[in-house]
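Chemist: To start, I am sharing the structure in question, which I have written as structure tokens.
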Amino acid sequence: MKIVIRLLTLSVFTGFLFTACEGPVGPAGNDGLNGKDGLNGLDGKDANGSCVKCHNTANWQAKEDQYHLSKHYLGTSSSRNTKYCARCHTNEGFQEITSQGKFVVTNGIPNATRITCATCHTMTAFDFSGDTAAMILRTTSPVPLNYRKNAETTDFGKINNLCSTCHQIRGATSVNYTDSLGKVQPFDQLPFFPFVAGQDDQAPVKYQVGQSFSVHDGNQSNLFAGINGYEYAGQTYTRTWKHSANKCTDCHMNDYSATTKTGGHSLIVNEDACAACHGSDKLTPVQALIDAKRIELAELLLTRKVFKKTTNSSGVVSYGAVQSHDFYGTLFPTTQSTTKYATALANGNTVNPATGLVVYGNTVTMAADKDFALRIGREWKYGELGAAYNYGYINSELSKGVHNPVYALALLQKSIDWLKAN
Ligand code: HEC
Ligand code: HEC
Ligand code: HEC
Ligand code: HEC
Ligand code: HEC
Ligand code: HEC
């Protein structure tokens, strides 16, 4: 309550400052006495020195204009409001999980809005002699990783923790399924993780229908920190590179360029600003090298029927993992058969008409298997699962390895080496 009143008082105060005065300028008066805060008797702050630095019309307008160039603002996926998406894709969802320390929001949020200023920002203190970033950002705390769902947190560094709360591996996307007998059962989408330290690469593992080891698009934080890839036993991995000590914002909020409309709150890297140190294009060679390794790995996985390859109507090639086992853990045959298998998990989510909330439920589909020619016909090895996971880790990270060329290359190369040797 105290904080609310104080905020309101300050809003009125700053609001007054923002309104330009009309009329002729009078002679300068004497400085007033320092005000006392009526609530706790502390000195008030000199708003002109302290607040107006940020809170001035030109600065606010510039931030708005830049932000309107960002995918956060323009993107099609911002404002996905269902239970398993809202935490990263909506303003309300992010505020809920950060204020209450949760992994997912309690319910879908039908009226949720897209990511905006107040998603990342809130004023938490007004004495700007200390850590300014922490005072204006909603969170700078170490991040409980969503896909691990445990108390352990990872510290990506102050401002990076804000970005990494969303830019991380996604985690579960559903809860219940209805089995072939009509019974509703719980299920977890990432049963293979977290990786166990000292995992045996040769140990068998079933990749079943309905299970997923997908990383999702937002994995930038893990690659940048050089962590949470699948690491083979006995191998050492270098986690740092030249830019490891940088913040996400050093590149994604670097100087704004009105010409290229990049930098600042657009969150798009202003690559011209890199030229201060890099005479030549650093990105293209790194991205080409890593992308070639990514495809080399995918082709190896394709050869041993861990992956399949699809080419869409516009000629875009993609690779995807092929399940070895059906939903109930029965091995798929590699030849045609009339036996029915639990081949798929049909999306049975419905929307409650009264509340507008999604009710989760998937239904197991029983059918003859059409993909027999693509099946491996045995359990995977953990080393194969790891290689497939590392492919996804790089593929869905979207920077093509720029966020840590050293770790990205090691993950891909060591996966390739293991597959060739095993
Ligand atoms: C380093 C930049 C910066 C400084 C300095 C700063 N603010 Fe803010 N302030 C912000 C940002 C960013 C927001 C969030 C805008 C939003 O949510 O739309 C904000 C929001 C606010 C709000 C709205 C309430 C809230 O929590 O969202 C108030 C009130 C406020 N500031 C008052 C002040 C006062 C008073 C001072 C000086 C003591 C001050 N600010 C100094 C950046 C700053
Ligand atoms: C509330 C969750 C959330 C936070 C916090 C967040 N992001 Fe994002 N970010 C997203 C989502 C969701 C998208 C995809 C938006 C879309 O495509 O609709 C995205 C997209 C992006 C993109 C895509 C490129 C573009 O044009 O914008 C960049 C870069 C980015 N974020 C950087 C950052 C940085 C840097 C930070 C920290 C300062 C940050 N994000 C904080 C959720 C978040
Ligand atoms: C842990 C945070 C997180 C969760 C949970 C999450 N996402 Fe995302 N998602 C992101 C981030 C971050 C991006 C942006 C990556 C980028 O564009 O660089 C993104 C991007 C996407 C994109 C691609 C956006 C584009 O414009 O191309 C889609 C589609 C998407 N998410 C769907 C979903 C759905 C559906 C769910 C819920 C089942 C979900 N996401 C849950 C963080 C998350
Ligand atoms: C994706 C997260 C994110 C969003 C969304 C966002 N900001 Fe920021 N903003 C930041 C970060 C990070 C900083 C830098 C903090 C630091 O370096 O101390 C910052 C800094 C600022 C500052 C202080 C620095 C300066 O140059 O004045 C202001 C003011 C500000 N933001 C206003 C806004 C406004 C207005 C919006 C909405 C139009 C907005 N921000 C949206 C992350 C965000
Ligand atoms: C050394 C500079 C640098 C740092 C530090 C950095 N990035 Fe990037 N980031 C890039 C570059 C360069 C790209 C690729 C841009 C391109 O391909 O156009 C990129 C791409 C991205 C993308 C995909 C953009 C898209 O259009 O889909 C996201 C999201 C992103 N970064 C988020 C982050 C986050 C979150 C952090 C901090 C954990 C971070 N970045 C740290 C330079 C950086
Ligand atoms: C303060 C100087 C400095 C700035 C500014 C800078 N870099 Fe770098 N960067 C380096 C140094 C030094 C290296 C390591 C030596 C090398 O590869 O040139 C490096 C290496 C890299 C690498 C790895 C290159 C490789 O071949 O492995 C990438 C990628 C990169 N920088 C991207 C960026 C991007 C993107 C920006 C702009 C957002 C940027 N850098 C801005 C100093 C800088």
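The way I read the labels, and the way they are meant: chains A, B, ... in the order of the structure tokens, residue 1 as the first residue of every chain, and ligand 1 as the first ligand shown, with later ones counted on from there.
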Would you give me, as a ChimeraX atom specification, the residues in segment 43-284 of chain A that DSSP reads as helix (DSSP H, G or I)?
Modeler: /A:47-50,57-67,71-74,86-89,91-100,117-120,132-136,158-166,220-225,248-252,264-266,271-276,283-284
Chemist: Would you mind listing the residues within 12 Å of ligand 6, counting only C-alpha atoms and all ligand atoms, as number ranges by chain?
Modeler: A: 224, 240-256, 262-264, 267-290, 399-409
Chemist: Give me, please, the distance in Å between atom CA of Glu64 of chain A and atom CA of Val104 of chain A, quoted to one decimal.
Modeler: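 For atom CA of Glu64 of chain A relative to atom CA of Val104 of chain A, the distance reads 28.7 Å.
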Chemist: Determine, counting only C-alpha atoms, which protein, DNA and RNA residues have an atom within 9 Å of an atom of segment 206-214 of chain A; residues of the same chain fewer than 4 positions away are not included. Present the result as a PyMOL selection string.
Modeler: chain A and resi 169-172+187-193+321-331+342-345+364+378-381+385+388-389+392-393+396
Chemist: Residues of chain A that have any atom at most 10 Å from an atom of ligand 3: could you tabulate them with the shortest-distance atom pair and the distance in Å to one decimal, using only C-alpha atoms and all ligand atoms, ordered by chain and increasing number, as JSON lines?
Modeler:
{"residue": "A:Lys71", "atom": "CA", "partner": "ligand 3", "partner_atom_place_in_ligand_line": "26 (O)", "distance": 7.2}
{"residue": "A:His72", "atom": "CA", "partner": "ligand 3", "partner_atom_place_in_ligand_line": "14 (C)", "distance": 8.3}
{"residue": "A:Leu74", "atom": "CA", "partner": "ligand 3", "partner_atom_place_in_ligand_line": "26 (O)", "distance": 8.6}
{"residue": "A:Gly75", "atom": "CA", "partner": "ligand 3", "partner_atom_place_in_ligand_line": "26 (O)", "distance": 4.9}
{"residue": "A:Thr76", "atom": "CA", "partner": "ligand 3", "partner_atom_place_in_ligand_line": "26 (O)", "distance": 5.1}
{"residue": "A:Ser77", "atom": "CA", "partner": "ligand 3", "partner_atom_place_in_ligand_line": "24 (C)", "distance": 4.9}
{"residue": "A:Ser78", "atom": "CA", "partner": "ligand 3", "partner_atom_place_in_ligand_line": "24 (C)", "distance": 7.6}
{"residue": "A:Ser79", "atom": "CA", "partner": "ligand 3", "partner_atom_place_in_ligand_line": "33 (C)", "distance": 9.7}
{"residue": "A:Arg80", "atom": "CA", "partner": "ligand 3", "partner_atom_place_in_ligand_line": "34 (C)", "distance": 6.7}
{"residue": "A:Asn81", "atom": "CA", "partner": "ligand 3", "partner_atom_place_in_ligand_line": "37 (C)", "distance": 8.2}
{"residue": "A:Thr82", "atom": "CA", "partner": "ligand 3", "partner_atom_place_in_ligand_line": "37 (C)", "distance": 6.8}
{"residue": "A:Lys83", "atom": "CA", "partner": "ligand 3", "partner_atom_place_in_ligand_line": "37 (C)", "distance": 7.4}
{"residue": "A:Tyr84", "atom": "CA", "partner": "ligand 3", "partner_atom_place_in_ligand_line": "37 (C)", "distance": 4.7}
{"residue": "A:Cys85", "atom": "CA", "partner": "ligand 3", "partner_atom_place_in_ligand_line": "37 (C)", "distance": 3.4}
{"residue": "A:Ala86", "atom": "CA", "partner": "ligand 3", "partner_atom_place_in_ligand_line": "5 (C)", "distance": 6.8}
{"residue": "A:Arg87", "atom": "CA", "partner": "ligand 3", "partner_atom_place_in_ligand_line": "5 (C)", "distance": 5.8}
{"residue": "A:Cys88", "atom": "CA", "partner": "ligand 3", "partner_atom_place_in_ligand_line": "2 (C)", "distance": 4.4}
{"residue": "A:His89", "atom": "CA", "partner": "ligand 3", "partner_atom_place_in_ligand_line": "7 (N)", "distance": 6.1}
{"residue": "A:Thr90", "atom": "CA", "partner": "ligand 3", "partner_atom_place_in_ligand_line": "6 (C)", "distance": 9.8}
{"residue": "A:Gly93", "atom": "CA", "partner": "ligand 3", "partner_atom_place_in_ligand_line": "5 (C)", "distance": 9.9}
{"residue": "A:Phe94", "atom": "CA", "partner": "ligand 3", "partner_atom_place_in_ligand_line": "2 (C)", "distance": 9.4}
{"residue": "A:Phe103", "atom": "CA", "partner": "ligand 3", "partner_atom_place_in_ligand_line": "5 (C)", "distance": 8.4}
{"residue": "A:Val104", "atom": "CA", "partner": "ligand 3", "partner_atom_place_in_ligand_line": "5 (C)", "distance": 7.4}
{"residue": "A:Val105", "atom": "CA", "partner": "ligand 3", "partner_atom_place_in_ligand_line": "5 (C)", "distance": 9.8}
{"residue": "A:Leu145", "atom": "CA", "partner": "ligand 3", "partner_atom_place_in_ligand_line": "1 (C)", "distance": 8.1}
{"residue": "A:Asn146", "atom": "CA", "partner": "ligand 3", "partner_atom_place_in_ligand_line": "1 (C)", "distance": 6.1}
{"residue": "A:Tyr147", "atom": "CA", "partner": "ligand 3", "partner_atom_place_in_ligand_line": "1 (C)", "distance": 8.0}
{"residue": "A:Cys163", "atom": "CA", "partner": "ligand 3", "partner_atom_place_in_ligand_line": "12 (C)", "distance": 8.2}
{"residue": "A:Ser164", "atom": "CA", "partner": "ligand 3", "partner_atom_place_in_ligand_line": "12 (C)", "distance": 8.1}
{"residue": "A:Thr165", "atom": "CA", "partner": "ligand 3", "partner_atom_place_in_ligand_line": "1 (C)", "distance": 6.7}
{"residue": "A:Cys166", "atom": "CA", "partner": "ligand 3", "partner_atom_place_in_ligand_line": "2 (C)", "distance": 4.1}
{"residue": "A:His167", "atom": "CA", "partner": "ligand 3", "partner_atom_place_in_ligand_line": "12 (C)", "distance": 3.9}
{"residue": "A:Gln168", "atom": "CA", "partner": "ligand 3", "partner_atom_place_in_ligand_line": "1 (C)", "distance": 5.2}
{"residue": "A:Ile169", "atom": "CA", "partner": "ligand 3", "partner_atom_place_in_ligand_line": "1 (C)", "distance": 5.6}
{"residue": "A:Arg170", "atom": "CA", "partner": "ligand 3", "partner_atom_place_in_ligand_line": "1 (C)", "distance": 4.1}
{"residue": "A:Gly171", "atom": "CA", "partner": "ligand 3", "partner_atom_place_in_ligand_line": "5 (C)", "distance": 6.5}
{"residue": "A:Ala172", "atom": "CA", "partner": "ligand 3", "partner_atom_place_in_ligand_line": "38 (C)", "distance": 7.6}
{"residue": "A:Thr173", "atom": "CA", "partner": "ligand 3", "partner_atom_place_in_ligand_line": "38 (C)", "distance": 4.7}
{"residue": "A:Ser174", "atom": "CA", "partner": "ligand 3", "partner_atom_place_in_ligand_line": "38 (C)", "distance": 7.5}
{"residue": "A:Val215", "atom": "CA", "partner": "ligand 3", "partner_atom_place_in_ligand_line": "1 (C)", "distance": 9.6}
{"residue": "A:His216", "atom": "CA", "partner": "ligand 3", "partner_atom_place_in_ligand_line": "9 (N)", "distance": 6.6}
{"residue": "A:Asp217", "atom": "CA", "partner": "ligand 3", "partner_atom_place_in_ligand_line": "15 (C)", "distance": 4.5}
{"residue": "A:Gly218", "atom": "CA", "partner": "ligand 3", "partner_atom_place_in_ligand_line": "12 (C)", "distance": 3.7}
{"residue": "A:Asn219", "atom": "CA", "partner": "ligand 3", "partner_atom_place_in_ligand_line": "12 (C)", "distance": 7.1}
{"residue": "A:Gln220", "atom": "CA", "partner": "ligand 3", "partner_atom_place_in_ligand_line": "18 (O)", "distance": 7.7}
{"residue": "A:Ser221", "atom": "CA", "partner": "ligand 3", "partner_atom_place_in_ligand_line": "12 (C)", "distance": 9.5}
{"residue": "A:Ser396", "atom": "CA", "partner": "ligand 3", "partner_atom_place_in_ligand_line": "15 (C)", "distance": 8.2}
{"residue": "A:Glu397", "atom": "CA", "partner": "ligand 3", "partner_atom_place_in_ligand_line": "18 (O)", "distance": 7.1}
{"residue": "A:Leu398", "atom": "CA", "partner": "ligand 3", "partner_atom_place_in_ligand_line": "18 (O)", "distance": 6.0}
{"residue": "A:Ser399", "atom": "CA", "partner": "ligand 3", "partner_atom_place_in_ligand_line": "18 (O)", "distance": 8.1}
Chemist: Would you mind reading off the distance between atom 25 (C, counted along the ligand's line) of ligand 4 and atom CA of His121 of chain A, one decimal, in Å?
Modeler: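 Computing it gives 11.7 Å between the two atoms.
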Chemist: Quick one: distance from atom CA of Ala62 of chain A to atom CA of Ala125 of chain A in Å, one decimal?
Modeler: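 Computing it gives 23.6 Å between the two atoms.
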Chemist: Taking the DSSP assignment computed from this structure's backbone, write out as a list in words all residues of segment 242-409 of chain A that belong to strand (DSSP E).
Modeler: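 Of segment 242-409 of chain A, only Phe307, Lys308, Lys309, Thr310, Thr311, Val317, Ser318, Tyr319, Gly320, Ala321, Tyr341, Ala342, Thr343, Ala344, Leu345, Ala346, Asn347, Thr350, Val351, Val358, Val359, Asn362, Thr363, Val364, Thr365, Met366, Ala367, Trp380 and Lys381 of chain A fall in strand (DSSP E).
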Chemist: May I have the selected residues written with N, CA and C atoms, as a short mmCIF file (atom, residue, chain, number, x, y, z; two decimals), in the first residue's frame?
Modeler:
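As written to disk, selection.cif reads:
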data_model
loop_
_atom_site.label_atom_id
_atom_site.label_comp_id
_atom_site.auth_asym_id
_atom_site.auth_seq_id
_atom_site.Cartn_x
_atom_site.Cartn_y
_atom_site.Cartn_z
N PHE A 307 16.29 -39.54 -38.36
CA PHE A 307 15.60 -38.40 -38.97
C PHE A 307 14.92 -38.81 -40.28
N LYS A 308 13.94 -38.00 -40.68
CA LYS A 308 13.43 -38.05 -42.04
C LYS A 308 13.59 -36.64 -42.63
N LYS A 309 13.51 -36.58 -43.96
CA LYS A 309 13.76 -35.31 -44.65
C LYS A 309 12.51 -34.96 -45.44
N THR A 310 12.07 -33.71 -45.33
CA THR A 310 10.90 -33.28 -46.11
C THR A 310 11.25 -32.03 -46.88
N THR A 311 10.72 -31.94 -48.08
CA THR A 311 10.90 -30.73 -48.88
C THR A 311 9.51 -30.18 -49.16
N VAL A 317 13.90 -27.41 -47.43
CA VAL A 317 14.18 -28.72 -46.84
C VAL A 317 14.12 -28.64 -45.33
N SER A 318 13.46 -29.62 -44.68
CA SER A 318 13.55 -29.67 -43.23
C SER A 318 13.72 -31.11 -42.78
N TYR A 319 14.30 -31.27 -41.60
CA TYR A 319 14.54 -32.59 -41.04
C TYR A 319 13.72 -32.73 -39.77
N GLY A 320 13.21 -33.93 -39.52
CA GLY A 320 12.46 -34.15 -38.29
C GLY A 320 12.74 -35.54 -37.77
N ALA A 321 12.62 -35.73 -36.47
CA ALA A 321 12.90 -37.04 -35.87
C ALA A 321 11.74 -38.00 -36.12
N TYR A 341 -1.32 -49.60 -34.21
CA TYR A 341 -0.40 -49.00 -33.24
C TYR A 341 -0.95 -47.64 -32.81
N ALA A 342 -0.50 -47.19 -31.65
CA ALA A 342 -0.88 -45.84 -31.21
C ALA A 342 0.04 -44.87 -31.94
N THR A 343 -0.39 -44.49 -33.15
CA THR A 343 0.51 -43.80 -34.07
C THR A 343 0.61 -42.30 -33.86
N ALA A 344 -0.42 -41.71 -33.25
CA ALA A 344 -0.40 -40.25 -33.14
C ALA A 344 -1.19 -39.82 -31.93
N LEU A 345 -1.00 -38.56 -31.58
CA LEU A 345 -1.73 -37.96 -30.47
C LEU A 345 -2.51 -36.80 -31.08
N ALA A 346 -3.81 -37.04 -31.36
CA ALA A 346 -4.59 -36.00 -32.01
C ALA A 346 -4.88 -34.87 -31.02
N ASN A 347 -4.80 -33.66 -31.51
CA ASN A 347 -5.05 -32.51 -30.64
C ASN A 347 -6.51 -32.45 -30.23
N THR A 350 -9.95 -28.16 -26.29
CA THR A 350 -11.22 -27.48 -26.60
C THR A 350 -11.26 -26.16 -25.84
N VAL A 351 -12.14 -25.27 -26.27
CA VAL A 351 -12.28 -23.99 -25.57
C VAL A 351 -13.60 -24.01 -24.81
N VAL A 358 -8.80 -22.56 -22.61
CA VAL A 358 -8.55 -23.82 -23.29
C VAL A 358 -8.57 -24.97 -22.28
N VAL A 359 -9.27 -26.04 -22.61
CA VAL A 359 -9.26 -27.24 -21.79
C VAL A 359 -8.36 -28.25 -22.51
N ASN A 362 -5.52 -34.53 -25.26
CA ASN A 362 -5.16 -35.07 -26.56
C ASN A 362 -5.69 -36.49 -26.62
N THR A 363 -6.02 -36.94 -27.81
CA THR A 363 -6.56 -38.28 -27.94
C THR A 363 -5.60 -39.17 -28.71
N VAL A 364 -5.39 -40.38 -28.19
CA VAL A 364 -4.51 -41.33 -28.84
C VAL A 364 -5.20 -41.91 -30.07
N THR A 365 -4.53 -41.87 -31.22
CA THR A 365 -5.10 -42.41 -32.45
C THR A 365 -4.53 -43.81 -32.71
N MET A 366 -5.41 -44.82 -32.89
CA MET A 366 -4.96 -46.19 -33.19
C MET A 366 -5.11 -46.41 -34.70
N ALA A 367 -4.02 -46.82 -35.36
CA ALA A 367 -4.08 -47.04 -36.81
C ALA A 367 -2.91 -47.92 -37.24
N TRP A 380 16.57 -46.32 -29.80
CA TRP A 380 17.70 -45.43 -30.06
C TRP A 380 18.74 -45.65 -28.98
N LYS A 381 19.94 -45.10 -29.23
CA LYS A 381 20.93 -44.99 -28.16
C LYS A 381 20.87 -43.53 -27.68
#
Chemist: Taking only C-alpha atoms and all ligand atoms into account, name the residue in A:Ala368, A:Ile136, A:Ile376, A:Ala58 that is nearest to ligand 1.
Modeler: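 Of A:Ala368, A:Ile136, A:Ile376, A:Ala58, the one nearest ligand 1, counting only C-alpha atoms and all ligand atoms, is A:Ile136.
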Chemist: Using only C-alpha atoms and all ligand atoms, find the one residue out of A:Ile416, A:Met123, A:Leu162, A:Leu181 that sits nearest to ligand 4.
Modeler: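 Closest to ligand 4, using only C-alpha atoms and all ligand atoms: A:Leu162.
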Chemist: For ligand 4, return the neighbouring residues as a ChimeraX atom specification (distance at most 6 Å; only C-alpha atoms and all ligand atoms).
Modeler: /A:54,60,63-64,67,116-117,119-120,132-133,159
Chemist: When distances are computed from only C-alpha atoms, which of A:Pro353, A:Gly386, A:Pro333, A:Gly348 shows the smallest separation from Asp179 of chain A?
Modeler: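 Looking at the shortest contact to Asp179 of chain A, the residue is A:Gly348.
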Chemist: Just checking: using only C-alpha atoms and all ligand atoms, which residue out of A:Thr113, A:Asn160, A:Thr106, A:Thr303 ends up closest to ligand 5?
Modeler: A:Asn160
